[in-house]
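Structure record follows, encoded as structure tokens.
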Amino acid sequence: MTRLARHPYTGIPRWVSALAVLAVAVVVLPLVAIVAKVDWENFTTLVTSESALDALGLSLRTSAASTLLCIVLGVPLALVLARSSFPFQRLLRSLVLLPLVLPPVVGGIALLYTFGRQGLLGATLQVLGVQVAFSTTAVILAQTFVALPFLVVSLEGALRIGGHRYEAVAATLGAPPGVVFRRVTLPLILPGLASGAVLSFARSLGEFGATLTFAGSLQGVTRTLPLEIYLQRETDPDAAVALSLVLVAVAVAVVSLAYGPGTAARRGLAQRSTPPLILERSVK
Amino acid sequence: MAAVLPAVSALLLAAGLTGCAGGAPAGMAGASTEGASGSQTLTVFAAASLKSSFTELAKTFEAQHPGTSVTLSFAGSSDLATQIGQGAPADVFASADTKNMDKVTGAGLADGSPRVFATNTLAIAVPAGNAANVTGFQDLARDGIRLVMCAKQVPCGAAAATVAGKAGVTLRPVSEENAVTDVLGKVISGEADAGLVYVTDVKSAGGKVDSISIPEADAAVNSYPIVPLAGAKDKEAAKAFVDLVTGPEGQQVLAKAGFGAGSR
């Protein structure tokens with residue numbers, strides 16, 4: 001990889017470069033438009049209004065919770081998908097990745113008919129005294145639904161690249177699966193897990209359609225920042241633009257955190273030279 | 001593969017973060033060819049609640065004016081007003097409130113002054129069967145009633161706040177939606193025990209919701225103004241459409257949908 005980088009091949013046809021410039025414009029121009037539209041004079045007032053701060057706080061809290069949920073559920077799922085083989089595995093993987101390509105509003109409708117009053121689990125939840133719809137729990141569920149595939153994809157990739165030689169060695173040295181998982185697998189996949197978690201967090205932060213459909217919109221309870229932007233747009237476009245810029249800034253931070261120079265995701269697992277094998281306690 | 005997976009996820013992520021983008025439709029520029037055939041398009045921007053009535057009236061208009069086809073664009077009034085302000089090629093604008101109409105007239109984009117062609121009032125919608133036994137506006141404040149209404153930033157929410165003030169009831173909704181259709185959806189699906197919607201929404205939902213009328217609703221009557229736009233390609237056709245809506249035929253169709261009569 002590094003050897004190639006030192007002597008790069010630069011024979012790119014001109015028309016390809018021209019189209020590449022156009023591609024950059026497609027992405028960057030709308031962002032420039034937002035920055036140009038911001039009412040800088042009142043920016044601070046606009047983004048620190050009570051409703052805006054409530055929305056930002058709620059967004060950060062729910063995104064953190066859903067990221068945690070994604071890790072708890074996503075790590076085992078990625079392991080099962082990458083490390084074992086069973087019938088219909090390919091089908092299962094496609095199903096798990098479905099929320100990536102599904103319109104969020106469809107996800108919201110699906111969640112509504114799962115956890116809603118008239119939903120699949122609605123009667124059971126009612127007996128247990130749990131009301132999901134219109135609660136912060138609903139926001140977290142919607143975010144987890146759309147963000148989980150990001151974690152699974154990142155992690156499964158890391159697991160496949162890492163291979164299972166180290167685990168195999170640990171097992172032959174007598175480590176039971178639990179110890180192998182904690183002492184070998186987990187340290188190996190940590191960079192992949194980190195970038196997957198960052199992406200899941202970002203996706204949760206941007207969640208809009210499923211939340212609006214499934215959780216509703218109430219200040220401090222279910223109205224996250226994207227929903228606040230959507231509502232402010234009705235009466236106060238300046239506030240909507242200012243808050244949009246806040247989300248753009250968060251997105252930029254997240255992307256650079258996950259893919260910037262020197263980050264875990266960039267270093268990758270393949271280049272790891274020394275195996276993180278610390279097995280002295282388990283190998284008696 | 002190593003590079004492809006994160007790249008794809010980053011792309012999808014970006015799509016999720018940026019959400020929806022508005023903008024004027026680009027495909028309408030070709031309508032200026034008034035050649036031998038004489039066929040032309042009249043573009044009407046109308047509030048979402050007018051969908052069924054205006055779809056019917058557009059058919060009537062096309063029958064009365066052979067060679068003219070009517071293109072309808074339905075959305076929230078504030079979205080439509082913004083689009084017109086940004087130069088969207090519209091010939092007629094029908095708003096669900098005067099505030100958004102004022103935005104268009106204030107910018108000098110209207111041709112003449114708007115005419116109120118319909119009114120709408122609030123009603124309580126409950127899921128068919130009314131399991132929570134809601135009988136009047138006072139019930140909406142009862143403990144355990146899951147009420148959904150519009151946010152105060154949109155016309156239906158502002159109207160609800162006025163009515164609540166008049167009735168002396170403090171409402172504590174579980175959700176404040178952006179559009180009245182979202183409120184209706186949550187009542188139809190049974191997630192909400194009650195919702196504050198317009199009389200016309202109850203009608204359009206058919207038997208899927210039951211309705212309870214609100215005596216205090218007269219405190220907040222929503223007026224629907226319509227106006228031909230200054231940028232209309234065929235000013236006569238735009239005026240003719242406004243005349244149809246405000247005339248007896250239009251009023252009959254609107255009354256059937258539950259609208260109150262306009263002032264004309």
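Going by the structure tokens order, chains are called A, B, ..., each with residues numbered from 1, while ligands are numbered from 1 in the order shown.
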Q: Within 9 Å of Lys208 of chain B, counting only C-alpha atoms, which residues show up once you throw out same-chain ones fewer than 6 positions away? Write them as a list of chain:residue names, please.
A: B:Pro127, B:Ala128, B:Val187, B:Ile188, B:Val202
Q: Taking only C-alpha atoms into account, report as a ChimeraX atom specification which residues of chain A lie within 6 Å of chain B.
A: /A:117,203,206,216-218
Q.
Under the rule that only C-alpha atoms are counted, which of A:Leu243, A:Ala168, A:Leu193, A:Leu141 is the nearest residue to Leu69 of chain A?
A. A:Leu141
**Q.** DSSP helix (DSSP H, G or I) residues within segment 21-186 of chain A, as a PyMOL selection string
**A.** chain A and resi 21-37+40-47+50-83+89-101+104-115+122-127+136-162+165-172+177-186
(Q) One number please: atom CA of Pro226 of chain A to atom CA of Phe208 of chain A, in Å, one decimal. (A)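 Interatomic distance here is 6.0 Å.
One distance worth recording is that between atom CA of Thr45 of chain A and atom CA of Val248 of chain A, which is 18.1 Å.
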